[in-house]
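Participant: Got a structure for you, protein_11.csv, holding CSV, C-alpha atoms.
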chain,number,residue,atom,x,y,z
A,268,MET,CA,52.7,40.2,27.4
A,269,PHE,CA,49.8,37.8,26.9
A,270,ARG,CA,49.9,38.3,23.2
A,271,GLN,CA,53.7,37.6,23.2
A,272,TRP,CA,53.1,34.4,25.3
A,273,CYS,CA,50.5,33.2,22.8
A,274,SER,CA,52.8,33.9,19.9
A,275,ASN,CA,55.6,32.0,21.5
A,276,ALA,CA,53.3,29.1,22.3
A,277,ILE,CA,52.1,29.0,18.7
A,278,LYS,CA,55.7,29.1,17.4
A,279,LYS,CA,56.6,26.3,19.8
A,280,GLU,CA,53.7,24.2,18.7
A,281,ALA,CA,54.5,25.0,15.1
A,282,LEU,CA,58.1,23.9,15.5
A,283,SER,CA,56.9,20.6,17.1
A,284,LEU,CA,54.6,20.0,14.1
A,285,VAL,CA,57.5,20.8,11.7
A,286,GLN,CA,59.6,18.2,13.4
A,287,GLN,CA,56.8,15.7,13.2
A,288,PHE,CA,56.2,16.5,9.6
A,289,TYR,CA,59.8,16.1,8.5
A,290,ASN,CA,60.3,13.0,10.6
A,291,SER,CA,57.4,11.4,8.8
A,292,HIS,CA,58.5,12.8,5.5
A,293,ASN,CA,62.1,11.6,5.8
A,294,ARG,CA,61.0,8.2,7.0
A,295,LEU,CA,58.5,7.9,4.1
A,296,VAL,CA,61.1,9.1,1.5
A,297,ASP,CA,63.7,6.6,2.8
A,298,TRP,CA,61.2,3.7,2.3
A,299,MET,CA,60.1,5.0,-1.1
A,300,LEU,CA,63.7,5.0,-2.3
A,301,GLY,CA,64.2,1.4,-1.3
A,302,ALA,CA,60.8,0.4,-2.7
A,303,GLU,CA,61.5,2.0,-6.1
A,304,GLY,CA,64.8,0.2,-6.2
A,305,GLN,CA,63.2,-3.2,-5.6
A,306,LEU,CA,60.4,-2.4,-8.2
A,307,SER,CA,63.0,-1.4,-10.8
A,308,VAL,CA,64.0,-5.1,-11.1
A,309,ALA,CA,62.4,-6.6,-14.2
A,310,GLU,CA,61.0,-9.7,-12.3
A,311,PRO,CA,61.0,-9.0,-8.5
A,312,ARG,CA,60.7,-12.1,-6.3
A,313,GLU,CA,57.3,-12.9,-4.8
A,314,ASP,CA,58.5,-12.6,-1.2
A,315,ASN,CA,59.8,-9.1,-2.0
A,316,ILE,CA,56.5,-8.0,-3.4
A,317,GLN,CA,54.7,-9.5,-0.4
A,318,ARG,CA,56.9,-7.6,1.9
A,319,LEU,CA,56.3,-4.4,-0.1
A,320,GLU,CA,52.5,-5.0,0.2
A,321,GLN,CA,52.9,-5.2,4.0
A,322,ASP,CA,55.1,-2.0,3.9
A,323,ILE,CA,52.3,-0.2,2.1
A,324,GLN,CA,50.0,-0.9,5.0
A,325,GLU,CA,52.6,0.2,7.5
A,326,PHE,CA,53.6,3.5,5.7
A,327,ARG,CA,50.1,4.6,4.7
A,328,PRO,CA,49.5,6.0,8.2
A,329,VAL,CA,52.8,7.8,7.9
A,330,LEU,CA,51.5,9.5,4.7
A,331,GLU,CA,48.2,10.2,6.4
A,332,ASN,CA,50.1,12.0,9.1
A,333,ILE,CA,51.9,14.1,6.5
A,334,ASN,CA,48.6,14.9,4.9
A,335,LEU,CA,47.2,15.9,8.3
A,336,ILE,CA,50.2,18.1,9.5
A,337,GLY,CA,51.0,19.7,6.2
A,338,PRO,CA,47.8,21.8,5.9
A,339,VAL,CA,48.2,22.9,9.6
A,340,LEU,CA,51.7,24.2,8.9
A,341,GLU,CA,50.4,26.0,5.8
A,342,ASN,CA,47.7,27.7,7.9
A,343,ILE,CA,50.1,28.7,10.6
A,344,ASN,CA,52.3,30.3,7.9
A,345,LEU,CA,49.4,32.2,6.6
A,346,ILE,CA,48.3,33.4,10.1
A,347,ASP,CA,51.8,34.3,11.2
A,348,PRO,CA,54.1,35.1,8.2
A,349,GLN,CA,57.0,35.5,10.7
A,350,PHE,CA,56.9,31.8,11.1
A,351,CYS,CA,59.1,31.6,8.0
A,352,GLN,CA,61.8,33.6,9.7
A,353,ILE,CA,62.1,30.9,12.4
A,354,SER,CA,62.4,28.1,9.9
A,355,PRO,CA,62.5,29.6,6.3
A,356,ARG,CA,62.3,26.3,4.5
A,357,GLU,CA,58.9,25.5,6.1
A,358,GLY,CA,57.1,28.1,3.9
A,359,ALA,CA,53.6,27.2,2.9
A,360,SER,CA,54.6,26.5,-0.7
A,361,THR,CA,57.4,24.2,0.4
A,362,ILE,CA,55.1,22.3,2.7
A,363,LYS,CA,52.4,22.0,0.0
A,364,GLY,CA,55.0,20.8,-2.6
A,365,LEU,CA,56.4,18.1,-0.3
A,366,VAL,CA,52.9,16.9,0.6
A,367,THR,CA,51.9,16.7,-3.1
A,368,ARG,CA,55.1,14.9,-4.2
A,369,ASP,CA,54.9,12.5,-1.3
A,370,ASN,CA,51.3,11.6,-2.2
A,371,ARG,CA,52.0,11.2,-5.9
A,372,ARG,CA,55.1,9.1,-5.3
A,373,PHE,CA,53.5,6.9,-2.8
A,374,ASP,CA,50.4,6.3,-5.0
A,375,ALA,CA,52.7,5.5,-7.9
A,376,ILE,CA,54.7,2.9,-5.8
A,377,ALA,CA,51.4,1.4,-4.5
A,378,GLU,CA,50.1,1.1,-8.0
A,379,GLN,CA,53.3,-0.7,-9.2
A,380,ILE,CA,53.2,-3.0,-6.2
A,381,GLN,CA,49.6,-3.9,-7.0
A,382,ARG,CA,50.3,-4.5,-10.7
A,383,LYS,CA,53.3,-6.7,-9.9
A,384,ALA,CA,51.4,-8.6,-7.2
A,385,GLU,CA,48.5,-9.3,-9.7
A,386,ARG,CA,51.0,-10.4,-12.3
A,387,ILE,CA,52.6,-12.8,-9.8
A,388,HIS,CA,49.2,-14.1,-8.8
A,389,LEU,CA,48.3,-14.7,-12.5
A,390,SER,CA,51.6,-16.3,-13.1
A,391,LYS,CA,51.2,-18.7,-10.1
A,392,GLN,CA,47.7,-19.4,-11.3
A,393,ARG,CA,49.0,-20.4,-14.8
A,394,SER,CA,51.7,-22.5,-13.1
A,395,MET,CA,49.1,-24.4,-11.1
A,396,GLU,CA,47.0,-24.9,-14.2
A,397,VAL,CA,49.9,-26.3,-16.2
A,398,ILE,CA,51.0,-28.5,-13.3
A,399,GLY,CA,47.4,-29.8,-13.2
A,400,ASP,CA,47.5,-30.5,-16.9
A,401,ILE,CA,50.8,-32.4,-16.7
A,402,ASP,CA,49.5,-34.4,-13.7
A,403,GLU,CA,46.5,-35.5,-15.8
A,404,PHE,CA,48.9,-36.8,-18.6
A,405,LEU,CA,51.1,-38.4,-16.0
A,406,ASP,CA,48.1,-40.3,-14.6
A,407,TRP,CA,47.0,-41.3,-18.1
A,408,PHE,CA,50.5,-42.6,-19.1
A,409,ARG,CA,51.0,-44.5,-15.8
A,410,GLU,CA,47.6,-46.2,-16.3
A,411,VAL,CA,48.4,-47.1,-19.9
A,412,GLU,CA,51.8,-48.4,-18.8
A,413,ALA,CA,50.2,-50.7,-16.3
A,414,GLN,CA,47.7,-51.9,-18.8
A,415,LEU,CA,50.5,-52.7,-21.4
A,416,ARG,CA,52.6,-54.5,-18.8
A,417,GLU,CA,49.7,-56.6,-17.7
A,418,ALA,CA,48.2,-57.1,-21.2
A,419,GLU,CA,46.9,-60.6,-22.0
A,420,PRO,CA,48.3,-62.6,-24.9
A,421,PRO,CA,46.8,-61.7,-28.3
A,422,SER,CA,43.5,-63.3,-29.3
A,423,ALA,CA,43.3,-66.0,-31.9
A,424,ASP,CA,40.5,-64.1,-33.6
A,425,PRO,CA,41.8,-61.8,-36.3
A,426,ASP,CA,38.8,-59.4,-35.9
A,427,VAL,CA,39.6,-59.0,-32.2
A,428,ILE,CA,43.3,-58.4,-32.9
A,429,ARG,CA,42.4,-55.7,-35.5
A,430,VAL,CA,40.3,-53.9,-32.8
A,431,GLN,CA,43.2,-54.2,-30.4
A,432,LEU,CA,45.6,-52.7,-32.9
A,433,LYS,CA,43.2,-49.9,-33.7
A,434,GLU,CA,42.6,-49.0,-30.1
A,435,LEU,CA,46.3,-49.1,-29.2
A,436,ALA,CA,47.3,-46.9,-32.1
A,437,SER,CA,44.5,-44.5,-31.5
A,438,ALA,CA,45.1,-44.2,-27.7
A,439,VAL,CA,48.8,-43.5,-27.9
A,440,GLY,CA,48.7,-41.4,-31.1
A,441,SER,CA,46.0,-39.2,-29.8
A,442,GLN,CA,48.1,-38.0,-26.9
A,443,LYS,CA,51.3,-36.9,-28.8
A,444,SER,CA,50.1,-33.6,-30.0
A,445,PRO,CA,48.4,-32.6,-26.6
A,446,VAL,CA,51.6,-33.6,-24.8
A,447,ARG,CA,53.7,-31.4,-27.0
A,448,ASP,CA,51.3,-28.5,-26.5
A,449,VAL,CA,51.3,-28.8,-22.7
A,450,ILE,CA,55.1,-29.1,-22.6
A,451,SER,CA,55.4,-26.0,-24.8
A,452,THR,CA,53.0,-24.1,-22.5
A,453,ALA,CA,54.9,-25.3,-19.4
A,454,LYS,CA,58.2,-23.9,-20.9
A,455,LYS,CA,56.5,-20.6,-21.6
A,456,VAL,CA,55.2,-20.4,-18.0
A,457,LEU,CA,58.8,-21.2,-16.8
A,458,ARG,CA,60.1,-18.2,-18.7
A,459,GLU,CA,57.5,-15.9,-17.3
A,460,SER,CA,57.7,-17.2,-13.7
A,461,ALA,CA,61.4,-17.4,-13.1
A,462,GLN,CA,61.0,-15.6,-9.8
A,463,HIS,CA,59.0,-18.5,-8.3
A,464,GLU,CA,61.9,-20.9,-7.8
A,465,ASP,CA,59.8,-23.6,-6.0
A,466,THR,CA,57.1,-23.6,-8.6
A,467,SER,CA,59.6,-23.5,-11.5
A,468,SER,CA,61.5,-26.5,-10.0
A,469,THR,CA,58.2,-28.4,-9.7
A,470,ILE,CA,57.3,-27.7,-13.3
A,471,ARG,CA,60.7,-28.7,-14.6
A,472,LYS,CA,60.6,-32.0,-12.6
A,473,LYS,CA,57.1,-32.8,-13.9
A,474,ILE,CA,58.1,-32.1,-17.5
A,475,GLU,CA,61.0,-34.5,-17.1
A,476,ASP,CA,58.7,-37.1,-15.6
A,477,LEU,CA,56.2,-36.7,-18.4
A,478,ARG,CA,58.8,-37.2,-21.0
A,479,GLU,CA,60.1,-40.3,-19.3
A,480,ASN,CA,56.6,-41.8,-18.9
A,481,MET,CA,55.7,-40.9,-22.5
A,482,GLU,CA,58.9,-42.6,-23.8
A,483,THR,CA,58.3,-45.7,-21.6
A,484,VAL,CA,54.7,-46.0,-22.9
A,485,SER,CA,55.8,-45.4,-26.5
A,486,SER,CA,58.4,-48.2,-26.2
A,487,LEU,CA,55.9,-50.6,-24.6
A,488,SER,CA,53.4,-49.6,-27.3
A,489,ARG,CA,55.8,-50.3,-30.1
A,490,ASP,CA,56.6,-53.7,-28.6
A,491,ARG,CA,52.9,-54.5,-28.2
A,492,LEU,CA,52.1,-53.3,-31.7
A,493,GLU,CA,54.7,-55.6,-33.1
A,494,ILE,CA,53.3,-58.6,-31.2
A,495,LEU,CA,49.8,-57.8,-32.3
A,496,LYS,CA,50.9,-57.5,-35.9
A,497,GLN,CA,52.6,-60.9,-35.8
A,498,ALA,CA,49.6,-62.4,-34.0
A,499,LEU,CA,47.3,-61.0,-36.7
A,500,ALA,CA,49.4,-62.5,-39.5
A,501,LEU,CA,49.4,-65.9,-37.7
A,502,ALA,CA,45.7,-65.7,-36.9
A,503,GLU,CA,44.8,-64.9,-40.5
A,504,HIS,CA,47.0,-67.7,-41.8
A,505,PHE,CA,45.5,-70.1,-39.3
A,506,LEU,CA,42.0,-69.1,-40.3
A,507,GLU,CA,42.9,-69.4,-43.9
A,508,CYS,CA,44.4,-72.9,-43.3
A,509,ASN,CA,41.5,-73.9,-41.2
A,510,THR,CA,39.0,-72.9,-43.8
A,511,GLU,CA,40.9,-74.7,-46.5
A,512,LEU,CA,41.2,-77.8,-44.3
A,513,SER,CA,37.5,-77.8,-43.4
A,514,THR,CA,36.5,-77.5,-47.1
A,515,TRP,CA,38.9,-80.3,-48.0
A,516,LEU,CA,37.6,-82.6,-45.2
A,517,ASP,CA,34.0,-82.0,-46.2
A,518,GLU,CA,35.0,-82.9,-49.8
A,519,MET,CA,37.0,-86.0,-48.6
A,520,GLU,CA,34.1,-87.2,-46.5
A,521,ARG,CA,31.8,-86.9,-49.5
A,522,HIS,CA,34.2,-88.9,-51.7
A,523,VAL,CA,34.8,-91.6,-49.0
A,524,SER,CA,31.0,-92.0,-48.5
A,525,MET,CA,30.7,-92.6,-52.2
A,526,LEU,CA,33.3,-95.3,-52.4
A,527,ALA,CA,31.9,-98.7,-53.4
A,528,MET,CA,32.8,-102.0,-52.0
A,529,PRO,CA,35.9,-103.6,-53.4
A,530,ALA,CA,35.2,-104.9,-56.9
A,531,LEU,CA,35.9,-108.4,-58.2
A,532,ARG,CA,36.7,-107.4,-61.8
A,533,PRO,CA,40.4,-106.4,-62.3
A,534,ASP,CA,39.5,-103.4,-64.4
A,535,LEU,CA,37.2,-102.1,-61.7
A,536,ILE,CA,39.7,-102.8,-59.0
A,537,ALA,CA,42.3,-100.8,-61.0
A,538,GLN,CA,39.9,-97.9,-61.1
A,539,GLN,CA,39.3,-98.1,-57.4
A,540,GLN,CA,43.0,-98.2,-56.8
A,541,ASP,CA,43.5,-95.1,-58.9
A,542,LYS,CA,40.8,-93.3,-56.8
A,543,ASN,CA,42.4,-94.4,-53.6
A,544,GLU,CA,45.8,-93.2,-54.7
A,545,LEU,CA,44.4,-89.8,-55.5
A,546,LEU,CA,42.8,-89.7,-52.1
A,547,VAL,CA,46.1,-90.7,-50.4
A,548,GLN,CA,47.9,-88.1,-52.4
A,549,SER,CA,45.4,-85.5,-51.4
A,550,ILE,CA,45.8,-86.5,-47.7
A,551,THR,CA,49.6,-86.2,-48.1
A,552,GLU,CA,49.3,-82.8,-49.6
A,553,HIS,CA,47.0,-81.5,-46.8
A,554,LYS,CA,48.8,-83.1,-43.9
A,555,PRO,CA,51.0,-80.0,-43.2
A,556,LEU,CA,47.8,-78.1,-42.6
A,557,VAL,CA,46.9,-80.6,-39.8
A,558,ASP,CA,50.4,-80.8,-38.4
A,559,LYS,CA,51.1,-77.0,-38.1
A,560,PRO,CA,48.0,-75.0,-38.9
A,561,GLY,CA,49.4,-71.9,-36.9
A,562,GLN,CA,52.8,-71.8,-38.6
A,563,SER,CA,53.7,-68.4,-40.1
A,564,PRO,CA,52.8,-68.1,-43.7
A,565,PRO,CA,55.7,-68.2,-46.2
What does the file become when written as structure tokens?

Facilitator:
Amino acid sequence: MFRQWCSNAIKKEALSLVQQFYNSHNRLVDWMLGAEGQLSVAEPREDNIQRLEQDIQEFRPVLENINLIGPVLENINLIDPQFCQISPREGASTIKGLVTRDNRRFDAIAEQIQRKAERIHLSKQRSMEVIGDIDEFLDWFREVEAQLREAEPPSADPDVIRVQLKELASAVGSQKSPVRDVISTAKKVLRESAQHEDTSSTIRKKIEDLRENMETVSSLSRDRLEILKQALALAEHFLECNTELSTWLDEMERHVSMLAMPALRPDLIAQQQDKNELLVQSITEHKPLVDKPGQSPP
């Protein structure tokens, strides 16, 4: 009688464990089916992966319960082979197979979630890097735009204007290739991070802002470049005229200082008149240099 009571108690306990085992197994399998479906998407959304990461923490104890109960059921089966007659499908080999498959399947899902989470993290990191690069260019173009709009009139010194021209051409030209590179990188990041809608929207907006700022600065630079070129031509012409005029004035002062007092003899007076006429003619010829020394060269 006692032996039969013990046997019935074991069987009752075993059936309770079987129920716990299959409840945990079925719950885990249902989740794994859903998780595998979400992971089958080429580029799952970040929030889905985050939710699956949380699910892993939630269902790991379920798997641990399966790992804990499974060996107990196998041992009961070995101690009391008649246990299989109560519930044939709960044979030791069946229980062991389910435990093995659940562990392998769960580990495979966990590994996929980890890989995709790492990929999303790297993608977000690249997105942040490219956003930072674009912001640096935006700051640079905005600063240059302000400088161009507030630029002082060109210098009258040709050497200074040449330096201004060189600096302007060098500054704007040096950014064209890096800007093309960062836009190309940003487009690549957009293709790889389509699941991050917020980040993608930010990158697209910043690319558009960068293009607009670059076009604005390019337009202002072209205008400034044209002004400096015209100013250089005028400054060089002015310098040339000023040099010619200074040389002529020095020569005229020398000639005037050498003029003698008016002569009394008619022949000498005639010679003095000829010299004066030449001086007057020279003054007439050089008068335009005095009137408009900054006029554009012909």

Participant: What is the distance, in Å and to one decimal place, between atom CA of Trp298 of chain A and atom CA of Val366 of chain A?

Facilitator: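 Taking atom CA of Trp298 of chain A as the start and atom CA of Val366 of chain A as the end point, the length is 15.7 Å.
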
Participant: When distances are computed from all atoms listed in the file, which of A:Met395, A:Ala384, A:Leu284, A:Ile376 shows the smallest separation from Pro338 of chain A?

Facilitator: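 Checking each candidate against Pro338 of chain A, we get A:Leu284 as the closest.
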
Participant: What is the atom CA of Ile336 of chain A to atom CA of Gln287 of chain A distance in Å?

Facilitator: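 Atom CA of Gln287 of chain A lies at a distance of 7.9 Å from atom CA of Ile336 of chain A.
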
Participant: Do you have the atom CA of Val329 of chain A-atom CA of Gln286 of chain A distance handy?

Facilitator: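 We find that atom CA of Val329 of chain A and atom CA of Gln286 of chain A lie 13.6 Å from each other.
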
Participant: Could you pull the residues within 12 Å of Gly440 of chain A, counting all atoms listed in the file, minus those fewer than 4 positions along the same chain, as a list of chain:residue names?

Facilitator: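 Result of the neighbour search: A:Leu432, A:Lys433, A:Glu434, A:Leu435, A:Ala436, A:Ser444, A:Pro445, A:Val446, A:Arg447, A:Met481, A:Val484, A:Ser485, A:Ser488, A:Arg489.
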
Participant: At a cut-off of 9 Å around the point (54.9, -33.2, -13.8) (file coordinates), what residues fall inside when counting only C-alpha atoms? I'd like the answer as JSON, numbers by chain.

Facilitator: {"A": [397, 398, 399, 400, 401, 402, 403, 404, 405, 469, 470, 471, 472, 473, 474, 475, 476, 477]}

Participant: Contacts of segment 409-425 of chain A at 8 Å or less, counting all atoms listed in the file, minus same-chain residues fewer than 6 places along, as a list of chain:residue names?

Facilitator: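 The residues that qualify are A:Asn480, A:Thr483, A:Val484, A:Leu487, A:Ser488, A:Arg491, A:Ile494, A:Leu495, A:Ala498, A:Leu499, A:Ala502, A:Glu503.
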
Participant: Using all atoms listed in the file, find the one residue out of A:Ser468, A:Val449, A:Lys443, A:Gln317 that sits nearest to Glu482 of chain A.

Facilitator: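 When distances to Glu482 of chain A are compared using all atoms listed in the file, the smallest one comes from A:Lys443.
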
Participant: So, counting only C-alpha atoms, which residue among A:Leu492, A:Leu295, A:Ile380, A:Leu282 is closest to Pro311 of chain A?

Facilitator: A:Ile380

Participant: Kindly indicate which residue among A:Val296, A:Glu313, A:Ala500, A:His388 lies nearest to Arg371 of chain A, using all atoms listed in the file for the distances.

Facilitator: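 Among the listed residues, the smallest separation from Arg371 of chain A belongs to A:Val296.
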